[in-house]
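Structure below is upload.cif: mmCIF, N, CA and C atoms.
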```
data_protein
loop_
_atom_site.group_PDB
_atom_site.id
_atom_site.type_symbol
_atom_site.label_atom_id
_atom_site.label_comp_id
_atom_site.auth_asym_id
_atom_site.auth_seq_id
_atom_site.Cartn_x
_atom_site.Cartn_y
_atom_site.Cartn_z
ATOM 1 N N MET A 53 23.638 74.988 14.787
ATOM 2 C CA MET A 53 24.585 75.694 15.606
ATOM 3 C C MET A 53 24.049 75.818 17.027
ATOM 4 N N SER A 54 24.905 75.630 17.988
ATOM 5 C CA SER A 54 24.488 75.769 19.368
ATOM 6 C C SER A 54 24.531 77.245 19.760
ATOM 7 N N PRO A 55 23.824 77.636 20.825
ATOM 8 C CA PRO A 55 23.827 79.046 21.236
ATOM 9 C C PRO A 55 25.225 79.534 21.629
ATOM 10 N N GLU A 56 26.095 78.633 22.059
ATOM 11 C CA GLU A 56 27.433 79.009 22.491
ATOM 12 C C GLU A 56 28.394 79.233 21.332
ATOM 13 N N GLY A 57 28.062 78.789 20.152
ATOM 14 C CA GLY A 57 28.955 78.944 19.007
ATOM 15 C C GLY A 57 28.832 77.761 18.072
ATOM 16 N N PRO A 58 29.881 77.524 17.276
ATOM 17 C CA PRO A 58 29.819 76.422 16.315
ATOM 18 C C PRO A 58 29.761 75.075 17.022
ATOM 19 N N PRO A 59 29.249 74.063 16.326
ATOM 20 C CA PRO A 59 29.174 72.729 16.942
ATOM 21 C C PRO A 59 30.564 72.181 17.234
ATOM 22 N N GLU A 60 30.632 71.312 18.225
ATOM 23 C CA GLU A 60 31.909 70.705 18.581
ATOM 24 C C GLU A 60 32.311 69.673 17.545
ATOM 25 N N GLU A 61 33.616 69.533 17.402
ATOM 26 C CA GLU A 61 34.134 68.535 16.480
ATOM 27 C C GLU A 61 34.010 67.156 17.123
ATOM 28 N N ARG A 62 33.574 66.190 16.342
ATOM 29 C CA ARG A 62 33.485 64.803 16.803
ATOM 30 C C ARG A 62 34.764 64.099 16.381
ATOM 31 N N VAL A 63 35.432 63.449 17.320
ATOM 32 C CA VAL A 63 36.662 62.717 17.018
ATOM 33 C C VAL A 63 36.382 61.225 17.132
ATOM 34 N N VAL A 64 36.682 60.523 16.048
ATOM 35 C CA VAL A 64 36.542 59.069 16.022
ATOM 36 C C VAL A 64 37.953 58.520 15.991
ATOM 37 N N TRP A 65 38.324 57.757 17.012
ATOM 38 C CA TRP A 65 39.701 57.299 17.144
ATOM 39 C C TRP A 65 39.776 55.778 17.181
ATOM 40 N N ASN A 66 40.680 55.253 16.347
ATOM 41 C CA ASN A 66 41.058 53.848 16.393
ATOM 42 C C ASN A 66 39.859 52.898 16.243
ATOM 43 N N GLU A 67 38.951 53.225 15.343
ATOM 44 C CA GLU A 67 37.802 52.350 15.094
ATOM 45 C C GLU A 67 37.954 51.675 13.739
ATOM 46 N N ARG A 68 37.324 50.511 13.622
ATOM 47 C CA ARG A 68 37.348 49.766 12.363
ATOM 48 C C ARG A 68 35.937 49.758 11.792
ATOM 49 N N PHE A 69 35.843 50.146 10.530
ATOM 50 C CA PHE A 69 34.560 50.171 9.839
ATOM 51 C C PHE A 69 34.618 49.172 8.691
ATOM 52 N N GLN A 70 33.659 48.272 8.631
ATOM 53 C CA GLN A 70 33.636 47.256 7.576
ATOM 54 C C GLN A 70 32.319 47.350 6.827
ATOM 55 N N GLY A 71 32.419 47.555 5.502
ATOM 56 C CA GLY A 71 31.241 47.578 4.651
ATOM 57 C C GLY A 71 30.265 48.711 4.950
ATOM 58 N N LYS A 72 30.757 49.791 5.508
ATOM 59 C CA LYS A 72 29.893 50.925 5.850
ATOM 60 C C LYS A 72 29.804 51.901 4.688
ATOM 61 N N HIS A 73 28.739 52.681 4.681
ATOM 62 C CA HIS A 73 28.490 53.690 3.658
ATOM 63 C C HIS A 73 28.500 55.054 4.346
ATOM 64 N N PHE A 74 29.437 55.916 3.946
ATOM 65 C CA PHE A 74 29.546 57.257 4.513
ATOM 66 C C PHE A 74 29.217 58.263 3.419
ATOM 67 N N ASP A 75 28.129 58.987 3.583
ATOM 68 C CA ASP A 75 27.734 59.997 2.599
ATOM 69 C C ASP A 75 27.932 61.380 3.213
ATOM 70 N N PHE A 76 29.070 62.009 2.893
ATOM 71 C CA PHE A 76 29.402 63.330 3.411
ATOM 72 C C PHE A 76 29.072 64.436 2.409
ATOM 73 N N ARG A 77 28.481 64.097 1.292
ATOM 74 C CA ARG A 77 28.238 65.067 0.226
ATOM 75 C C ARG A 77 27.368 66.230 0.703
ATOM 76 N N GLY A 78 27.888 67.446 0.444
ATOM 77 C CA GLY A 78 27.139 68.653 0.745
ATOM 78 C C GLY A 78 26.915 68.916 2.216
ATOM 79 N N LYS A 79 27.694 68.290 3.080
ATOM 80 C CA LYS A 79 27.474 68.432 4.520
ATOM 81 C C LYS A 79 28.663 69.107 5.196
ATOM 82 N N ILE A 80 28.361 69.835 6.262
ATOM 83 C CA ILE A 80 29.392 70.354 7.156
ATOM 84 C C ILE A 80 29.462 69.346 8.294
ATOM 85 N N VAL A 81 30.523 68.567 8.329
ATOM 86 C CA VAL A 81 30.549 67.357 9.138
ATOM 87 C C VAL A 81 31.103 67.563 10.548
ATOM 88 N N PHE A 82 32.133 68.365 10.711
ATOM 89 C CA PHE A 82 32.815 68.564 11.992
ATOM 90 C C PHE A 82 33.219 67.230 12.618
ATOM 91 N N THR A 83 33.858 66.374 11.818
ATOM 92 C CA THR A 83 34.301 65.066 12.301
ATOM 93 C C THR A 83 35.736 64.822 11.879
ATOM 94 N N ARG A 84 36.475 64.230 12.795
ATOM 95 C CA ARG A 84 37.861 63.867 12.518
ATOM 96 C C ARG A 84 38.022 62.376 12.803
ATOM 97 N N PHE A 85 38.568 61.651 11.815
ATOM 98 C CA PHE A 85 38.853 60.227 11.955
ATOM 99 C C PHE A 85 40.359 60.078 12.153
ATOM 100 N N ASP A 86 40.771 59.592 13.312
ATOM 101 C CA ASP A 86 42.184 59.407 13.626
ATOM 102 C C ASP A 86 42.487 57.921 13.809
ATOM 103 N N SER A 87 43.466 57.424 13.063
ATOM 104 C CA SER A 87 43.936 56.034 13.191
ATOM 105 C C SER A 87 42.801 55.022 13.026
ATOM 106 N N CYS A 88 41.902 55.289 12.113
ATOM 107 C CA CYS A 88 40.784 54.376 11.853
ATOM 108 C C CYS A 88 41.094 53.489 10.653
ATOM 109 N N GLU A 89 40.384 52.380 10.568
ATOM 110 C CA GLU A 89 40.540 51.458 9.449
ATOM 111 C C GLU A 89 39.192 51.329 8.746
ATOM 112 N N PHE A 90 39.214 51.545 7.441
ATOM 113 C CA PHE A 90 38.013 51.437 6.615
ATOM 114 C C PHE A 90 38.218 50.263 5.656
ATOM 115 N N VAL A 91 37.375 49.236 5.766
ATOM 116 C CA VAL A 91 37.499 48.046 4.938
ATOM 117 C C VAL A 91 36.209 47.867 4.134
ATOM 118 N N LYS A 92 36.367 47.834 2.811
ATOM 119 C CA LYS A 92 35.234 47.666 1.903
ATOM 120 C C LYS A 92 34.130 48.692 2.179
ATOM 121 N N CYS A 93 34.552 49.919 2.412
ATOM 122 C CA CYS A 93 33.607 50.999 2.696
ATOM 123 C C CYS A 93 33.425 51.877 1.460
ATOM 124 N N THR A 94 32.307 52.577 1.437
ATOM 125 C CA THR A 94 32.033 53.568 0.405
ATOM 126 C C THR A 94 32.017 54.930 1.071
ATOM 127 N N LEU A 95 32.901 55.819 0.601
ATOM 128 C CA LEU A 95 32.957 57.178 1.124
ATOM 129 C C LEU A 95 32.605 58.137 -0.004
ATOM 130 N N LEU A 96 31.565 58.929 0.201
ATOM 131 C CA LEU A 96 31.129 59.895 -0.800
ATOM 132 C C LEU A 96 31.437 61.297 -0.285
ATOM 133 N N ILE A 97 32.310 61.985 -1.013
ATOM 134 C CA ILE A 97 32.762 63.328 -0.647
ATOM 135 C C ILE A 97 32.701 64.181 -1.898
ATOM 136 N N ASP A 98 32.157 65.398 -1.775
ATOM 137 C CA ASP A 98 32.112 66.288 -2.932
ATOM 138 C C ASP A 98 32.608 67.681 -2.545
ATOM 139 N N HIS A 99 32.446 68.640 -3.461
ATOM 140 C CA HIS A 99 32.942 69.995 -3.219
ATOM 141 C C HIS A 99 32.110 70.732 -2.175
ATOM 142 N N GLY A 100 31.004 70.158 -1.761
ATOM 143 C CA GLY A 100 30.190 70.759 -0.715
ATOM 144 C C GLY A 100 30.494 70.208 0.664
ATOM 145 N N THR A 101 31.389 69.234 0.750
ATOM 146 C CA THR A 101 31.758 68.634 2.029
ATOM 147 C C THR A 101 32.711 69.570 2.755
ATOM 148 N N GLU A 102 32.428 69.836 4.032
ATOM 149 C CA GLU A 102 33.277 70.730 4.809
ATOM 150 C C GLU A 102 33.568 70.142 6.185
ATOM 151 N N GLN A 103 34.690 70.582 6.752
ATOM 152 C CA GLN A 103 35.083 70.269 8.126
ATOM 153 C C GLN A 103 35.159 68.758 8.382
ATOM 154 N N LEU A 104 36.036 68.105 7.635
ATOM 155 C CA LEU A 104 36.222 66.663 7.724
ATOM 156 C C LEU A 104 37.709 66.365 7.678
ATOM 157 N N ALA A 105 38.182 65.475 8.535
ATOM 158 C CA ALA A 105 39.615 65.167 8.574
ATOM 159 C C ALA A 105 39.836 63.664 8.703
ATOM 160 N N PHE A 106 40.872 63.188 8.009
ATOM 161 C CA PHE A 106 41.329 61.801 8.114
ATOM 162 C C PHE A 106 42.825 61.847 8.384
ATOM 163 N N THR A 107 43.255 61.338 9.524
ATOM 164 C CA THR A 107 44.683 61.311 9.840
ATOM 165 C C THR A 107 45.080 59.903 10.276
ATOM 166 N N SER A 108 46.144 59.416 9.666
ATOM 167 C CA SER A 108 46.703 58.091 9.984
ATOM 168 C C SER A 108 45.675 56.973 9.845
ATOM 169 N N CYS A 109 44.822 57.076 8.840
ATOM 170 C CA CYS A 109 43.804 56.046 8.596
ATOM 171 C C CYS A 109 44.274 55.081 7.515
ATOM 172 N N VAL A 110 43.688 53.894 7.514
ATOM 173 C CA VAL A 110 43.971 52.874 6.510
ATOM 174 C C VAL A 110 42.679 52.592 5.754
ATOM 175 N N PHE A 111 42.782 52.602 4.429
ATOM 176 C CA PHE A 111 41.639 52.327 3.564
ATOM 177 C C PHE A 111 41.936 51.074 2.758
ATOM 178 N N LYS A 112 41.158 50.007 2.961
ATOM 179 C CA LYS A 112 41.355 48.738 2.255
ATOM 180 C C LYS A 112 40.092 48.405 1.465
ATOM 181 N N ASP A 113 40.266 48.147 0.181
ATOM 182 C CA ASP A 113 39.133 47.750 -0.672
ATOM 183 C C ASP A 113 37.985 48.764 -0.624
ATOM 184 N N CYS A 114 38.311 50.046 -0.556
ATOM 185 C CA CYS A 114 37.287 51.091 -0.549
ATOM 186 C C CYS A 114 37.137 51.682 -1.947
ATOM 187 N N ASN A 115 36.162 52.543 -2.114
ATOM 188 C CA ASN A 115 35.912 53.149 -3.422
ATOM 189 C C ASN A 115 36.869 54.312 -3.719
ATOM 190 N N ILE A 116 37.768 54.632 -2.811
ATOM 191 C CA ILE A 116 38.709 55.735 -3.025
ATOM 192 C C ILE A 116 40.136 55.229 -2.975
ATOM 193 N N ASP A 117 41.010 55.872 -3.739
ATOM 194 C CA ASP A 117 42.426 55.495 -3.685
ATOM 195 C C ASP A 117 43.303 56.679 -3.293
ATOM 196 N N ARG A 118 42.667 57.808 -2.969
ATOM 197 C CA ARG A 118 43.383 58.971 -2.455
ATOM 198 C C ARG A 118 42.370 59.977 -1.924
ATOM 199 N N LEU A 119 42.845 60.854 -1.067
ATOM 200 C CA LEU A 119 42.045 61.960 -0.557
ATOM 201 C C LEU A 119 42.864 63.223 -0.737
ATOM 202 N N GLU A 120 42.202 64.306 -1.087
ATOM 203 C CA GLU A 120 42.907 65.562 -1.282
ATOM 204 C C GLU A 120 42.447 66.584 -0.250
ATOM 205 N N ALA A 121 43.417 67.257 0.348
ATOM 206 C CA ALA A 121 43.118 68.289 1.334
ATOM 207 C C ALA A 121 42.609 69.546 0.637
ATOM 208 N N ASP A 122 41.773 70.277 1.337
ATOM 209 C CA ASP A 122 41.291 71.573 0.864
ATOM 210 C C ASP A 122 41.056 72.426 2.109
ATOM 211 N N GLU A 123 42.063 73.227 2.452
ATOM 212 C CA GLU A 123 41.979 74.002 3.691
ATOM 213 C C GLU A 123 40.830 74.995 3.689
ATOM 214 N N ALA A 124 40.465 75.523 2.538
ATOM 215 C CA ALA A 124 39.353 76.475 2.467
ATOM 216 C C ALA A 124 38.048 75.825 2.934
ATOM 217 N N LEU A 125 37.876 74.543 2.651
ATOM 218 C CA LEU A 125 36.675 73.808 3.068
ATOM 219 C C LEU A 125 36.859 73.096 4.401
ATOM 220 N N GLY A 126 38.077 73.111 4.927
ATOM 221 C CA GLY A 126 38.338 72.412 6.170
ATOM 222 C C GLY A 126 38.460 70.913 5.989
ATOM 223 N N LEU A 127 38.949 70.485 4.816
ATOM 224 C CA LEU A 127 39.196 69.059 4.571
ATOM 225 C C LEU A 127 40.680 68.800 4.789
ATOM 226 N N TYR A 128 40.989 68.018 5.801
ATOM 227 C CA TYR A 128 42.379 67.751 6.155
ATOM 228 C C TYR A 128 42.671 66.261 6.017
ATOM 229 N N VAL A 129 43.782 65.946 5.389
ATOM 230 C CA VAL A 129 44.219 64.559 5.243
ATOM 231 C C VAL A 129 45.709 64.505 5.529
ATOM 232 N N ARG A 130 46.125 63.497 6.307
ATOM 233 C CA ARG A 130 47.539 63.379 6.627
ATOM 234 C C ARG A 130 47.866 61.943 7.017
ATOM 235 N N ASP A 131 48.949 61.437 6.457
ATOM 236 C CA ASP A 131 49.512 60.126 6.825
ATOM 237 C C ASP A 131 48.516 58.976 6.685
ATOM 238 N N ASN A 132 47.723 58.980 5.630
ATOM 239 C CA ASN A 132 46.779 57.895 5.381
ATOM 240 C C ASN A 132 47.412 56.866 4.451
ATOM 241 N N PHE A 133 46.926 55.637 4.532
ATOM 242 C CA PHE A 133 47.437 54.545 3.698
ATOM 243 C C PHE A 133 46.278 53.940 2.917
ATOM 244 N N PHE A 134 46.477 53.818 1.619
ATOM 245 C CA PHE A 134 45.456 53.245 0.743
ATOM 246 C C PHE A 134 45.969 51.920 0.212
ATOM 247 N N ASP A 135 45.415 50.833 0.710
ATOM 248 C CA ASP A 135 45.811 49.501 0.273
ATOM 249 C C ASP A 135 45.089 49.185 -1.035
ATOM 250 N N ARG A 136 45.816 48.525 -1.922
ATOM 251 C CA ARG A 136 45.191 48.143 -3.193
ATOM 252 C C ARG A 136 44.084 47.124 -2.936
ATOM 253 N N PRO A 137 43.088 47.071 -3.803
ATOM 254 C CA PRO A 137 42.004 46.101 -3.637
ATOM 255 C C PRO A 137 42.535 44.667 -3.586
ATOM 256 N N LEU A 138 41.890 43.861 -2.781
ATOM 257 C CA LEU A 138 42.305 42.475 -2.576
ATOM 258 C C LEU A 138 42.377 41.705 -3.892
ATOM 259 N N GLU A 139 41.399 41.879 -4.758
ATOM 260 C CA GLU A 139 41.401 41.168 -6.046
ATOM 261 C C GLU A 139 42.619 41.554 -6.891
ATOM 262 N N GLN A 140 42.976 42.819 -6.868
ATOM 263 C CA GLN A 140 44.148 43.270 -7.619
ATOM 264 C C GLN A 140 45.420 42.646 -7.055
ATOM 265 N N ARG A 141 45.547 42.632 -5.726
ATOM 266 C CA ARG A 141 46.728 42.018 -5.109
ATOM 267 C C ARG A 141 46.775 40.524 -5.387
ATOM 268 N N ARG A 142 45.616 39.847 -5.364
ATOM 269 C CA ARG A 142 45.553 38.406 -5.620
ATOM 270 C C ARG A 142 45.985 38.093 -7.052
ATOM 271 N N SER A 143 45.481 38.878 -8.022
ATOM 272 C CA SER A 143 45.838 38.615 -9.421
ATOM 273 C C SER A 143 47.325 38.881 -9.661
ATOM 274 N N GLU A 144 47.893 39.907 -9.020
ATOM 275 C CA GLU A 144 49.328 40.169 -9.147
ATOM 276 C C GLU A 144 50.141 39.027 -8.547
ATOM 277 N N PHE A 145 49.699 38.506 -7.397
ATOM 278 C CA PHE A 145 50.388 37.380 -6.770
ATOM 279 C C PHE A 145 50.339 36.146 -7.663
ATOM 280 N N GLU A 146 49.170 35.871 -8.231
ATOM 281 C CA GLU A 146 49.034 34.701 -9.107
ATOM 282 C C GLU A 146 49.913 34.831 -10.339
ATOM 283 N N ALA A 147 50.022 36.041 -10.885
ATOM 284 C CA ALA A 147 50.885 36.263 -12.055
ATOM 285 C C ALA A 147 52.356 36.046 -11.688
ATOM 286 N N LYS A 148 52.768 36.539 -10.527
ATOM 287 C CA LYS A 148 54.160 36.348 -10.082
ATOM 288 C C LYS A 148 54.444 34.872 -9.813
ATOM 289 N N LEU A 149 53.485 34.183 -9.218
ATOM 290 C CA LEU A 149 53.650 32.758 -8.938
ATOM 291 C C LEU A 149 53.772 31.970 -10.237
ATOM 292 N N ALA A 150 52.919 32.262 -11.205
ATOM 293 C CA ALA A 150 52.981 31.569 -12.496
ATOM 294 C C ALA A 150 54.324 31.823 -13.175
ATOM 295 N N GLN A 151 54.820 33.063 -13.096
ATOM 296 C CA GLN A 151 56.114 33.400 -13.696
ATOM 297 C C GLN A 151 57.243 32.651 -12.991
ATOM 298 N N ALA A 152 57.196 32.581 -11.671
ATOM 299 C CA ALA A 152 58.229 31.875 -10.912
ATOM 300 C C ALA A 152 58.219 30.388 -11.260
ATOM 301 N N LEU A 153 57.051 29.781 -11.376
ATOM 302 C CA LEU A 153 56.955 28.364 -11.736
ATOM 303 C C LEU A 153 57.466 28.127 -13.161
ATOM 304 N N ALA A 154 57.155 29.050 -14.071
ATOM 305 C CA ALA A 154 57.642 28.925 -15.446
ATOM 306 C C ALA A 154 59.164 29.039 -15.489
ATOM 307 N N ASN A 155 59.708 29.955 -14.696
ATOM 308 C CA ASN A 155 61.177 30.102 -14.634
ATOM 309 C C ASN A 155 61.823 28.850 -14.056
ATOM 310 N N ARG A 156 61.214 28.256 -13.058
ATOM 311 C CA ARG A 156 61.762 27.036 -12.437
ATOM 312 C C ARG A 156 61.755 25.896 -13.437
ATOM 313 N N LYS A 157 60.651 25.753 -14.204
ATOM 314 C CA LYS A 157 60.565 24.714 -15.232
ATOM 315 C C LYS A 157 61.628 24.894 -16.309
ATOM 316 N N ALA A 158 61.834 26.180 -16.708
ATOM 317 C CA ALA A 158 62.832 26.472 -17.741
ATOM 318 C C ALA A 158 64.242 26.110 -17.264
ATOM 319 N N LYS A 159 64.534 26.329 -15.986
ATOM 320 C CA LYS A 159 65.855 26.009 -15.447
ATOM 321 C C LYS A 159 66.074 24.504 -15.356
ATOM 322 N N GLU A 160 64.992 23.741 -15.125
ATOM 323 C CA GLU A 160 65.093 22.307 -14.991
ATOM 324 C C GLU A 160 65.431 21.623 -16.302
ATOM 325 N N LYS A 161 65.119 22.252 -17.418
ATOM 326 C CA LYS A 161 65.323 21.647 -18.736
ATOM 327 C C LYS A 161 66.735 21.753 -19.193
#
```
If you took the structure in this file and wrote it as structure tokens, what would it be?
Amino acid sequence: MSPEGPPEERVVWNERFQGKHFDFRGKIVFTRFDSCEFVKCTLLIDHGTEQLAFTSCVFKDCNIDRLEADEALGLYVRDNFFDRPLEQRRSEFEAKLAQALANRKAKEK
């Protein structure tokens, strides 16, 4: 804590993080991520994490598929997007493609 009061909040805006490891467990972070993109990142958050916010962020191929707000701890989340893992999207596409090709073959007969 600074002599003037609580530490200032750090705002990270419009940054892209690739393959980074964020360990917020048990920490009072005082950080807000606005309009950031997290790709193949690991985010560790527990019940001891405080003063952390994610607004309008995109999470692709990360270890999380949702974030939950907790106002008592100062955890704020709003308007975030969680993209499904690339491998999952690829396998779904391949299954749809195989089905479409099978349907086309069936119609040709």
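If you measure from each of A:Gly100, A:Arg156, A:Ala147, A:Arg77 to A:Asp122 using only C-alpha atoms, the closest one turns out to be A:Gly100.
Taking only C-alpha atoms into account, the polymer residues that have an atom no farther than 9 Å from (34.1, 47.5, 3.3) are Phe69, Gln70, Gly71, Lys72, His73, Phe90, Val91, Lys92, Cys93, Thr94, Phe111, Lys112, Asp113, Cys114 and Asn115 of chain A.
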Which residue is closest to A:Leu125? Choose from A:Glu160, A:Glu61, A:Glu102, A:Glu67 and count all atoms listed in the file.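 Closest candidate: A:Glu102.
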Once the PyMOL selection byres ((chain A and resi 85-89) around 5) is applied to the coordinates I shared, what remains selected? I want it as a ChimeraX atom specification. /A:64-69,83-84,90-91,105-110
Test item: the PyMOL selection byres (((chain A and resi 79 and name CA) around 12) and name CA) resolved as an mmCIF file with N, CA and C atoms, in the coordinates of the input:
```cif
data_model
loop_
_atom_site.group_PDB
_atom_site.id
_atom_site.type_symbol
_atom_site.label_atom_id
_atom_site.label_comp_id
_atom_site.auth_asym_id
_atom_site.auth_seq_id
_atom_site.Cartn_x
_atom_site.Cartn_y
_atom_site.Cartn_z
ATOM 1 N N PHE A 74 29.437 55.916 3.946
ATOM 2 C CA PHE A 74 29.546 57.257 4.513
ATOM 3 C C PHE A 74 29.217 58.263 3.419
ATOM 4 N N ASP A 75 28.129 58.987 3.583
ATOM 5 C CA ASP A 75 27.734 59.997 2.599
ATOM 6 C C ASP A 75 27.932 61.380 3.213
ATOM 7 N N PHE A 76 29.070 62.009 2.893
ATOM 8 C CA PHE A 76 29.402 63.330 3.411
ATOM 9 C C PHE A 76 29.072 64.436 2.409
ATOM 10 N N ARG A 77 28.481 64.097 1.292
ATOM 11 C CA ARG A 77 28.238 65.067 0.226
ATOM 12 C C ARG A 77 27.368 66.230 0.703
ATOM 13 N N GLY A 78 27.888 67.446 0.444
ATOM 14 C CA GLY A 78 27.139 68.653 0.745
ATOM 15 C C GLY A 78 26.915 68.916 2.216
ATOM 16 N N ILE A 80 28.361 69.835 6.262
ATOM 17 C CA ILE A 80 29.392 70.354 7.156
ATOM 18 C C ILE A 80 29.462 69.346 8.294
ATOM 19 N N VAL A 81 30.523 68.567 8.329
ATOM 20 C CA VAL A 81 30.549 67.357 9.138
ATOM 21 C C VAL A 81 31.103 67.563 10.548
ATOM 22 N N PHE A 82 32.133 68.365 10.711
ATOM 23 C CA PHE A 82 32.815 68.564 11.992
ATOM 24 C C PHE A 82 33.219 67.230 12.618
ATOM 25 N N THR A 83 33.858 66.374 11.818
ATOM 26 C CA THR A 83 34.301 65.066 12.301
ATOM 27 C C THR A 83 35.736 64.822 11.879
ATOM 28 N N LEU A 96 31.565 58.929 0.201
ATOM 29 C CA LEU A 96 31.129 59.895 -0.800
ATOM 30 C C LEU A 96 31.437 61.297 -0.285
ATOM 31 N N ILE A 97 32.310 61.985 -1.013
ATOM 32 C CA ILE A 97 32.762 63.328 -0.647
ATOM 33 C C ILE A 97 32.701 64.181 -1.898
ATOM 34 N N ASP A 98 32.157 65.398 -1.775
ATOM 35 C CA ASP A 98 32.112 66.288 -2.932
ATOM 36 C C ASP A 98 32.608 67.681 -2.545
ATOM 37 N N HIS A 99 32.446 68.640 -3.461
ATOM 38 C CA HIS A 99 32.942 69.995 -3.219
ATOM 39 C C HIS A 99 32.110 70.732 -2.175
ATOM 40 N N GLY A 100 31.004 70.158 -1.761
ATOM 41 C CA GLY A 100 30.190 70.759 -0.715
ATOM 42 C C GLY A 100 30.494 70.208 0.664
ATOM 43 N N THR A 101 31.389 69.234 0.750
ATOM 44 C CA THR A 101 31.758 68.634 2.029
ATOM 45 C C THR A 101 32.711 69.570 2.755
ATOM 46 N N GLU A 102 32.428 69.836 4.032
ATOM 47 C CA GLU A 102 33.277 70.730 4.809
ATOM 48 C C GLU A 102 33.568 70.142 6.185
ATOM 49 N N GLN A 103 34.690 70.582 6.752
ATOM 50 C CA GLN A 103 35.083 70.269 8.126
ATOM 51 C C GLN A 103 35.159 68.758 8.382
ATOM 52 N N LEU A 104 36.036 68.105 7.635
ATOM 53 C CA LEU A 104 36.222 66.663 7.724
ATOM 54 C C LEU A 104 37.709 66.365 7.678
ATOM 55 N N LEU A 125 37.876 74.543 2.651
ATOM 56 C CA LEU A 125 36.675 73.808 3.068
ATOM 57 C C LEU A 125 36.859 73.096 4.401
ATOM 58 N N GLY A 126 38.077 73.111 4.927
ATOM 59 C CA GLY A 126 38.338 72.412 6.170
ATOM 60 C C GLY A 126 38.460 70.913 5.989
ATOM 61 N N LEU A 127 38.949 70.485 4.816
ATOM 62 C CA LEU A 127 39.196 69.059 4.571
ATOM 63 C C LEU A 127 40.680 68.800 4.789
#
```
What does the distance from atom CA of A:Leu119 to atom N of A:Arg136 come to in Å, to one decimal?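 Spanning atom CA of A:Leu119 to atom N of A:Arg136 is a straight-line distance of 14.0 Å.
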Atomic separation - atom CA of A:Gln140 relative to atom C of A:Ala154, Å: 22.1 Å
Taking only C-alpha atoms into account, name the residue in A:Pro137, A:Leu153, A:Val129, A:Lys159 that is nearest to A:Asp117.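 The answer is A:Pro137, which sits nearest to A:Asp117.
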From a backbone DSSP assignment, name each residue in chain A labelled strand (DSSP E or B), as a PyMOL selection string. chain A and resi 54+57+62-65+68-70+73-75+80-86+89-91+94-96+102-107+110-112+122+127-130+133-135
Rounded to one decimal place, report the atom CA of A:Glu120-atom CA of A:Phe134 distance in Å. 12.7 Å
Compare A:Leu95, A:Glu139, A:Lys161, A:Asn155 by their minimum atom-to-atom distance to A:Ile116, counting only N, CA and C atoms, and give me the closest one.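 Among A:Leu95, A:Glu139, A:Lys161, A:Asn155, it is A:Leu95 that comes nearest to A:Ile116.
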